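> My structure is stored as entry.txt, with compact mmCIF, C-alpha atoms.
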# COMPACT_ATOMS: atom_id res chain seq x y z
CA MET A 1 4.44 57.22 -21.13
CA SER A 2 5.11 53.63 -20.06
CA LYS A 3 3.29 52.05 -17.18
CA SER A 4 5.19 51.20 -14.01
CA SER A 5 6.40 47.60 -13.93
CA SER A 6 6.83 47.55 -10.14
CA ARG A 7 3.48 45.84 -9.59
CA LYS A 8 3.83 42.17 -10.52
CA PRO A 9 0.77 40.26 -11.74
CA ILE A 10 1.77 37.28 -9.57
CA GLU A 11 4.37 36.52 -6.93
CA ILE A 12 5.42 33.16 -5.52
CA LYS A 13 6.72 33.10 -1.96
CA ILE A 14 7.49 30.40 0.58
CA SER A 15 4.62 30.06 3.05
CA THR A 16 4.24 27.85 6.09
CA VAL A 17 0.96 25.97 5.91
CA VAL A 18 -0.32 23.89 8.81
CA ALA A 19 -2.31 20.88 7.68
CA VAL A 20 -4.48 18.41 9.54
CA SER A 21 -3.55 14.77 9.07
CA ALA A 22 -6.43 12.28 8.84
CA ILE A 23 -4.94 8.90 9.77
CA LEU A 24 -7.07 6.13 8.32
CA ARG A 25 -7.17 2.66 9.84
CA GLU A 26 -10.31 1.76 7.90
CA VAL A 27 -11.72 2.72 4.49
CA ASP A 28 -15.34 1.71 5.07
CA LEU A 29 -17.30 4.97 4.78
CA GLY A 30 -19.92 3.96 7.32
CA VAL A 31 -17.30 3.18 9.94
CA LEU A 32 -15.41 6.41 9.23
CA ASP A 33 -18.57 8.51 9.31
CA ALA A 34 -19.59 7.03 12.66
CA ALA A 35 -16.10 7.66 14.05
CA MET A 36 -16.17 11.28 12.88
CA GLN A 37 -19.64 11.77 14.37
CA GLU A 38 -18.40 10.46 17.70
CA MET A 39 -15.24 12.57 17.54
CA THR A 40 -17.01 15.83 16.75
CA GLY A 41 -20.15 15.22 18.77
CA GLY A 42 -22.13 16.49 15.79
CA ASN A 43 -20.57 19.94 16.17
CA VAL A 44 -20.41 21.42 12.65
CA ASP A 45 -17.75 23.90 13.79
CA PHE A 46 -15.41 21.29 15.30
CA PHE A 47 -13.02 21.79 12.38
CA GLU A 48 -12.58 25.05 10.51
CA ASP A 49 -11.95 24.11 6.87
CA GLU A 50 -8.36 23.04 7.58
CA PHE A 51 -6.16 21.67 4.83
CA THR A 52 -5.96 17.92 5.33
CA VAL A 53 -3.43 15.21 4.46
CA ILE A 54 -4.91 11.72 4.22
CA ASP A 55 -2.42 9.34 5.85
CA ILE A 56 -2.96 5.70 4.88
CA GLY A 57 0.20 4.32 6.47
CA ALA A 58 -1.80 2.59 9.22
CA LEU A 59 -4.09 0.64 6.87
CA ALA A 60 -3.76 -3.14 6.76
CA ALA A 61 -1.75 -4.41 3.79
CA THR A 62 -4.85 -6.15 2.40
CA HIS A 63 -7.23 -3.20 2.73
CA PRO A 64 -10.02 -2.79 0.14
CA ALA A 65 -9.64 -0.36 -2.75
CA ILE A 66 -9.85 3.26 -1.64
CA ASP A 67 -12.61 5.43 -3.08
CA TRP A 68 -10.76 8.76 -3.00
CA HIS A 69 -13.77 10.77 -4.10
CA ALA A 70 -15.92 9.29 -1.34
CA ILE A 71 -13.22 9.78 1.31
CA THR A 72 -12.58 13.41 0.37
CA THR A 73 -16.32 14.09 0.24
CA LEU A 74 -16.76 12.62 3.72
CA LEU A 75 -13.93 14.75 5.13
CA LYS A 76 -15.38 17.81 3.40
CA ALA A 77 -18.67 17.20 5.19
CA TYR A 78 -16.76 17.69 8.44
CA ARG A 79 -14.99 20.83 7.14
CA LEU A 80 -11.70 19.08 6.37
CA ASN A 81 -10.30 19.91 2.92
CA ALA A 82 -8.19 17.03 1.62
CA VAL A 83 -5.21 18.23 -0.42
CA ALA A 84 -2.73 15.33 -0.35
CA VAL A 85 -2.14 11.67 0.50
CA ARG A 86 0.71 10.36 2.63
CA ASN A 87 2.20 6.84 2.57
CA ALA A 88 0.66 5.98 -0.80
CA THR A 89 2.08 3.06 -2.80
CA PRO A 90 3.31 3.48 -6.39
CA GLU A 91 0.25 1.79 -7.91
CA MET A 92 -2.02 4.36 -6.22
CA GLU A 93 -0.23 7.37 -7.70
CA ALA A 94 -2.23 7.79 -10.91
CA ASP A 95 -5.60 7.41 -9.17
CA ILE A 96 -4.65 9.88 -6.43
CA LEU A 97 -3.48 12.50 -8.89
CA ALA A 98 -6.58 11.97 -11.04
CA HIS A 99 -8.70 13.03 -8.06
CA GLY A 100 -6.85 16.31 -7.71
CA LEU A 101 -4.80 15.25 -4.68
CA SER A 102 -1.06 15.62 -4.27
CA LEU A 103 1.44 13.13 -2.90
CA ASP A 104 2.91 14.06 0.47
CA GLY A 105 6.39 12.56 0.77
CA PRO A 106 7.87 9.67 -1.21
CA LEU A 107 5.74 6.77 -2.34
CA LYS A 108 5.74 3.86 0.09
CA VAL A 109 7.03 0.54 -1.20
CA PRO A 110 5.09 -2.27 0.52
CA ALA A 111 7.09 -4.49 2.87
CA PRO A 112 7.44 -8.21 2.10
CA ALA A 113 4.51 -10.24 3.38
CA ALA A 114 6.64 -11.89 6.09
CA GLU A 115 7.42 -8.49 7.58
CA ILE A 116 3.87 -7.18 7.70
CA LYS A 117 2.53 -7.06 11.27
CA ALA A 118 -1.08 -7.29 12.35
CA SER A 119 -2.90 -4.00 12.02
CA ALA A 120 -4.14 -1.98 14.98
CA PRO A 121 -7.83 -2.02 15.93
CA VAL A 122 -10.04 -0.16 13.48
CA GLN A 123 -10.50 3.51 14.35
CA ALA A 124 -10.26 6.93 12.78
CA GLU A 125 -7.91 9.53 14.18
CA ILE A 126 -7.30 13.17 13.36
CA GLU A 127 -4.04 14.91 14.10
CA LEU A 128 -2.26 18.08 12.97
CA ASP A 129 0.53 17.47 10.54
CA SER A 130 3.60 16.47 12.55
CA ALA A 131 5.80 18.22 10.01
CA ASP A 132 4.27 21.51 11.08
CA VAL A 133 2.20 21.13 14.20
CA ALA A 134 1.01 17.94 15.87
CA VAL A 135 -2.35 17.67 17.54
CA GLU A 136 -4.12 14.35 17.80
CA ILE A 137 -7.61 13.71 19.07
CA ALA A 138 -6.70 10.30 20.56
CA PRO A 139 -4.98 11.33 23.85
CA ALA A 140 -3.47 8.02 24.97
CA VAL A 141 -1.84 7.34 21.59
CA GLN A 142 -0.61 10.91 21.24
CA GLN A 143 0.77 11.10 24.77
CA ALA A 144 2.89 7.98 24.29
CA ALA A 145 4.26 9.34 21.00
CA GLN A 146 4.99 12.71 22.56
CA GLN A 147 6.87 11.21 25.50
CA ALA A 148 8.95 9.00 23.20
CA ALA A 149 9.79 11.91 20.91
CA HIS A 150 10.66 14.14 23.87
CA ALA A 151 12.95 11.51 25.39
CA ALA A 152 14.68 10.85 22.07
CA ALA A 153 15.41 14.47 21.13
CA PRO A 154 14.94 16.90 24.04
CA ALA A 155 17.47 19.38 22.70
CA GLN A 156 15.57 20.22 19.51
CA PHE A 157 12.97 22.46 21.14
CA ALA A 158 13.00 26.22 21.42
CA ALA A 159 16.59 26.79 20.37
CA ASN A 160 15.60 30.25 19.08
CA THR A 161 12.99 32.91 19.68
CA MET A 162 10.57 34.63 17.29
CA ILE A 163 9.25 38.03 18.36
CA VAL A 164 6.07 39.57 16.96
CA ASP A 165 5.33 43.21 17.86
CA THR A 166 2.05 43.70 15.99
CA PRO A 167 -1.47 42.35 16.67
CA VAL A 168 -2.25 38.94 15.19
CA ARG A 169 -5.52 39.44 13.36
CA ALA A 170 -8.36 37.07 12.46
CA GLY A 171 -7.29 34.64 9.74
CA GLN A 172 -3.57 35.08 10.42
CA ARG A 173 -1.42 32.09 11.40
CA ILE A 174 2.07 32.47 12.85
CA TYR A 175 4.38 29.48 13.37
CA ALA A 176 7.67 29.66 15.28
CA ARG A 177 9.37 26.54 13.97
CA GLY A 178 12.00 25.22 16.39
CA ALA A 179 11.57 28.31 18.57
CA ASP A 180 9.73 30.03 21.36
CA LEU A 181 7.22 32.67 20.27
CA ILE A 182 6.94 36.05 21.99
CA ILE A 183 4.03 38.34 21.05
CA THR A 184 3.76 41.83 22.52
CA ALA A 185 0.30 42.60 21.11
CA ALA A 186 -3.12 40.96 21.17
CA VAL A 187 -3.90 37.65 19.45
CA ASN A 188 -7.42 38.30 18.17
CA ASN A 189 -10.36 35.95 17.67
CA GLY A 190 -9.85 33.78 14.59
CA ALA A 191 -6.05 34.07 14.74
CA GLU A 192 -3.73 31.13 15.39
CA VAL A 193 -0.23 31.18 16.91
CA ILE A 194 1.96 28.07 16.97
CA ALA A 195 5.41 27.33 18.37
CA ASP A 196 7.61 24.28 18.81
CA GLY A 197 8.62 25.84 22.13
CA SER A 198 6.63 27.99 24.54
CA ILE A 199 4.36 30.91 23.67
CA HIS A 200 4.51 34.19 25.61
CA ILE A 201 1.75 36.73 24.92
CA TYR A 202 2.11 40.06 26.72
CA ALA A 203 -1.45 41.01 25.84
CA PRO A 204 -4.87 39.31 25.58
CA LEU A 205 -5.02 35.86 23.96
CA ARG A 206 -8.38 35.64 22.18
CA GLY A 207 -7.56 33.24 19.32
CA ARG A 208 -5.89 29.82 19.31
CA ALA A 209 -2.45 29.08 20.78
CA LEU A 210 -0.60 25.78 20.21
CA ALA A 211 2.72 25.34 22.02
CA GLY A 212 5.08 22.34 21.91
CA ALA A 213 3.92 21.72 18.36
CA SER A 214 6.61 19.13 17.62
CA GLY A 215 5.87 17.17 20.79
CA ASN A 216 7.59 19.15 23.55
CA ILE A 217 5.50 18.25 26.61
CA GLU A 218 7.40 20.81 28.72
CA ALA A 219 6.27 23.78 26.60
CA ARG A 220 3.87 26.30 28.13
CA ILE A 221 1.62 29.18 27.12
CA PHE A 222 1.66 32.48 29.01
CA THR A 223 -0.77 35.35 28.52
CA LEU A 224 -1.67 38.49 30.45
CA SER A 225 -5.37 37.96 29.70
CA MET A 226 -6.86 34.51 29.13
CA GLU A 227 -9.68 34.79 26.57
CA ALA A 228 -8.63 31.99 24.19
CA GLU A 229 -10.73 29.95 21.78
CA LEU A 230 -8.37 26.99 22.14
CA VAL A 231 -5.05 26.19 23.81
CA SER A 232 -2.86 23.17 23.12
CA ILE A 233 0.37 21.75 24.55
CA ALA A 234 2.16 19.02 22.58
CA GLY A 235 -1.06 17.90 20.93
CA MET A 236 -3.35 17.87 23.96
CA TYR A 237 -5.92 20.63 23.67
CA ARG A 238 -8.68 22.42 25.56
CA THR A 239 -11.52 24.57 24.21
CA PHE A 240 -13.78 26.98 26.05
CA GLU A 241 -17.24 26.78 24.51
CA ASP A 242 -18.65 26.47 28.04
CA GLY A 243 -16.66 29.42 29.34
CA PHE A 244 -13.53 29.83 31.44
CA PRO A 245 -12.96 28.96 35.08
CA ALA A 246 -14.12 31.98 37.05
CA ASP A 247 -10.65 32.68 38.41
CA ARG A 248 -8.96 32.56 34.98
CA LYS A 249 -11.20 34.63 32.70
CA GLN A 250 -9.28 37.70 31.50
CA GLN A 251 -6.57 36.96 34.05
CA ALA A 252 -2.81 36.51 33.70
CA THR A 253 -2.48 32.77 33.09
CA GLN A 254 0.02 30.07 32.30
CA VAL A 255 -1.07 26.90 30.52
CA ARG A 256 0.82 23.65 31.01
CA LEU A 257 0.40 19.93 30.34
CA VAL A 258 0.05 17.55 33.28
CA GLY A 259 -0.31 14.00 32.02
CA ASN A 260 -3.23 14.15 29.59
CA ARG A 261 -4.71 17.23 31.24
CA ILE A 262 -4.35 20.89 30.30
CA ASP A 263 -3.94 22.96 33.47
CA MET A 264 -4.40 26.73 33.72
CA LEU A 265 -2.62 28.45 36.60
CA PRO A 266 -2.33 32.08 37.69
CA ILE A 267 0.81 34.04 36.94
CA LYS A 268 1.73 35.59 40.24
CA ALA A 269 3.90 38.69 40.52
CA ALA A 270 7.06 38.30 42.57
CA ALA A 271 6.83 39.64 46.12
Show this structure as structure tokens.


Amino acid sequence: MSKSSSRKPIEIKISTVVAVSAILREVDLGVLDAAMQEMTGGNVDFFEDEFTVIDIGALAATHPAIDWHAITTLLKAYRLNAVAVRNATPEMEADILAHGLSLDGPLKVPAPAAEIKASAPVQAEIELDSADVAVEIAPAVQQAAQQAAHAAAPAQFAANTMIVDTPVRAGQRIYARGADLIITAAVNNGAEVIADGSIHIYAPLRGRALAGASGNIEARIFTLSMEAELVSIAGMYRTFEDGFPADRKQQATQVRLVGNRIDMLPIKAAA
């Protein structure tokens, strides 16, 4: 009697993966480590083992050689798992691949020397991959980029709607690309829901919710019970390690972006 062949040893399916982008403006490990310490405040749980793309597009044209092993080890120490490099030049390709990293996007051909502009001040920035979801830790830079993107292409946001009728459990990540996201069940601790438009949760929000992921500063988050770990609008974010405002805990709440500030307001029933 032959065995059933319905169970396949391996399946390959398309999966949306959200990656953090580590934008380097400096390759000196001491400078980067100090910047990461300042960014995270020494909190070992600031990042949660996210996949990370190392973006070197902002480095000066005459930057020193990059020690990929040292850079990836440094990021790993802050729970960022480097998987690829963006804006690499052709001569870097072999070294990058030899360190187990992939190339994200086409290789970057250096501009002629006459066209190279002065580099920005040295700093280290972390942002979520703009191809999937954009969150940057440097508010002023991110806000300017968001406003420019919103002005240039306001019609691209939330053209469709994704509806989820089941609970979003710990470890799950749902992304409504180019759409609003409606969830009729709880978003549990450790879960993450993302939308390019607004997020509507007709149940408790206990995990992380990131709306306006492609830069839509008008996006909002709505929930019938605010218990979130993190909320984000167009890259600006707010966490709740110190608790919620007394009038918002477990209350019907809308989250919106006002300048660089995340506001939480009550959802009031119509009279």

> Mind listing whatever residues come within 7 Å of the point (-0.6, 15.0, -1.1)? Use only C-alpha atoms, file coordinates, and give them as number ranges by chain.

A: 53, 83-86, 101-104

> Export, as a short mmCIF file (atom, residue, chain, number, x, y, z; two decimals), in the coordinates of the input, the selected residues with C-alpha atoms.


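So again_25.cif came out as:
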data_model
loop_
_atom_site.label_atom_id
_atom_site.label_comp_id
_atom_site.auth_asym_id
_atom_site.auth_seq_id
_atom_site.Cartn_x
_atom_site.Cartn_y
_atom_site.Cartn_z
CA VAL A 53 -3.43 15.21 4.46
CA VAL A 83 -5.21 18.23 -0.42
CA ALA A 84 -2.73 15.33 -0.35
CA VAL A 85 -2.14 11.67 0.50
CA ARG A 86 0.71 10.36 2.63
CA LEU A 101 -4.80 15.25 -4.68
CA SER A 102 -1.06 15.62 -4.27
CA LEU A 103 1.44 13.13 -2.90
CA ASP A 104 2.91 14.06 0.47
#

> List the neighbours of Met226 (chain A) out to 8 Å using all atoms listed in the file; skip same-chain residues closer than 3 positions along the sequence, and give me the result as a PyMOL selection string.

chain A and resi 204-206+223+248-253

> Rounded to one decimal in Å, what is the spacing between CA of Ala191 (chain A) and CA of Ala211 (chain A)?

14.4 Å

> If you measure from CA of Val231 (chain A) to CA of Arg25 (chain A), what distance in Å do you get, rounded to one decimal?

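Result for CA of Val231 (chain A) versus CA of Arg25 (chain A): 27.4 Å, one decimal.
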
> As a CSV table (one decimal) with C-alpha atoms, keeping the file's coordinate frame, please: the residues near region 57-70 of chain A (cut-off 7 Å, all atoms listed in the file, same-chain neighbours under 6 positions excluded).


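So result20.csv came out as:
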chain,number,residue,atom,x,y,z
A,24,LEU,CA,-7.1,6.1,8.3
A,25,ARG,CA,-7.2,2.7,9.8
A,26,GLU,CA,-10.3,1.8,7.9
A,27,VAL,CA,-11.7,2.7,4.5
A,87,ASN,CA,2.2,6.8,2.6
A,99,HIS,CA,-8.7,13.0,-8.1
A,119,SER,CA,-2.9,-4.0,12.0

> List every residue of region 177-238 of chain A that has an atom at most 12 Å from any atom of region 158-168 of chain A, and for each one report the closest atom pair and its distance in Å to one decimal, counting only C-alpha atoms, with rows sorted by chain and then by increasing residue number, as a Markdown table.


| residue | atom | partner | partner_atom | distance |
| --- | --- | --- | --- | --- |
| A:Arg177 | CA | A:Ala158 | CA | 8.3 |
| A:Gly178 | CA | A:Ala158 | CA | 5.2 |
| A:Ala179 | CA | A:Ala158 | CA | 3.8 |
| A:Asp180 | CA | A:Thr161 | CA | 4.7 |
| A:Leu181 | CA | A:Met162 | CA | 4.9 |
| A:Ile182 | CA | A:Ile163 | CA | 4.7 |
| A:Ile183 | CA | A:Val164 | CA | 4.7 |
| A:Thr184 | CA | A:Asp165 | CA | 5.1 |
| A:Ala185 | CA | A:Pro167 | CA | 4.8 |
| A:Ala186 | CA | A:Pro167 | CA | 5.0 |
| A:Val187 | CA | A:Val168 | CA | 4.7 |
| A:Asn188 | CA | A:Val168 | CA | 6.0 |
| A:Asn189 | CA | A:Val168 | CA | 9.0 |
| A:Gly190 | CA | A:Val168 | CA | 9.2 |
| A:Ala191 | CA | A:Val168 | CA | 6.2 |
| A:Glu192 | CA | A:Val168 | CA | 8.0 |
| A:Val193 | CA | A:Val168 | CA | 8.2 |
| A:Ile194 | CA | A:Met162 | CA | 10.8 |
| A:Ala195 | CA | A:Ala158 | CA | 8.3 |
| A:Asp196 | CA | A:Ala158 | CA | 6.3 |
| A:Gly197 | CA | A:Ala158 | CA | 4.5 |
| A:Ser198 | CA | A:Ala158 | CA | 7.3 |
| A:Ile199 | CA | A:Met162 | CA | 9.6 |
| A:His200 | CA | A:Ile163 | CA | 9.5 |
| A:Ile201 | CA | A:Val164 | CA | 9.5 |
| A:Tyr202 | CA | A:Asp165 | CA | 9.9 |
| A:Ala203 | CA | A:Pro167 | CA | 9.3 |
| A:Pro204 | CA | A:Pro167 | CA | 10.0 |
| A:Leu205 | CA | A:Val168 | CA | 9.7 |
| A:Arg206 | CA | A:Val168 | CA | 9.9 |
| A:Gly207 | CA | A:Val168 | CA | 8.8 |
| A:Arg208 | CA | A:Val168 | CA | 10.6 |
| A:Ala209 | CA | A:Val168 | CA | 11.3 |
| A:Ala211 | CA | A:Ala158 | CA | 10.3 |
| A:Gly212 | CA | A:Ala158 | CA | 8.8 |
| A:Ala213 | CA | A:Ala158 | CA | 10.6 |
| A:Ser214 | CA | A:Ala158 | CA | 10.3 |
| A:Gly215 | CA | A:Ala158 | CA | 11.5 |
| A:Asn216 | CA | A:Ala158 | CA | 9.2 |
| A:Glu218 | CA | A:Ala158 | CA | 10.7 |
| A:Ala219 | CA | A:Ala158 | CA | 8.8 |
| A:Arg220 | CA | A:Ala158 | CA | 11.3 |

> Quick one: pull the distance between CA of Phe244 (chain A) and CA of Met36 (chain A), Å, one decimal.

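Answer for the CA of Phe244 (chain A) to CA of Met36 (chain A) separation: 26.4 Å.
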
> Produce the centre coordinates and the three edge lengths, each in Å to one decimal, of the box along x, y and z that contains all listed atoms of region 46-54 of chain A with 6 Å added on each side, as JSON.


{"center_x": -9.4, "center_y": 18.4, "center_z": 9.8, "size_x": 24.0, "size_y": 25.3, "size_z": 23.1}

> Any idea what's packed within 10 Å of Lys76 (chain A), counting only C-alpha atoms, ignoring anything in its chain fewer than 4 positions away? Could you give it as a ChimeraX atom specification?

/A:49-50,52,70-72,80-82

> Looking at A:Thr73, A:Ile96, A:Leu257, A:Tyr237, which one is nearest to Leu32 (chain A), with distances taken over only C-alpha atoms?

A:Thr73

> Using only C-alpha atoms, which of the listed residues (A:Glu11, A:Phe222, A:Val20, A:Asp45) sits closest to Gly235 (chain A)?

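Using only C-alpha atoms, Gly235 (chain A) sits closest to A:Val20.
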
> Would you kindly return, as a VMD selection string, each protein, DNA or RNA residue with an atom no farther than 12 Å from any atom of Arg238 (chain A), considering all atoms listed in the file and excluding same-chain residues fewer than 3 positions away?

chain A and resid 135 137 139 208 to 210 228 to 235 241 to 244 255 to 257 260 to 264

> Determine the nearest neighbour of Leu74 (chain A) from the options A:Met236, A:Met92, A:Ala35, A:Ile217, counting all atoms listed in the file.

A:Ala35

> Name the closest residue to Met39 (chain A) among the candidates A:Ala246, A:Tyr78, A:Thr239, A:Ala176; distances are taken between atoms, counting all atoms listed in the file.

A:Tyr78

> Of the candidates A:Ala34, A:Arg173, A:Val44, A:Gln254, which shows the shortest atom-to-atom distance to Ser225 (chain A), using only C-alpha atoms?

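Smallest separation from Ser225 (chain A) among the options: A:Gln254.
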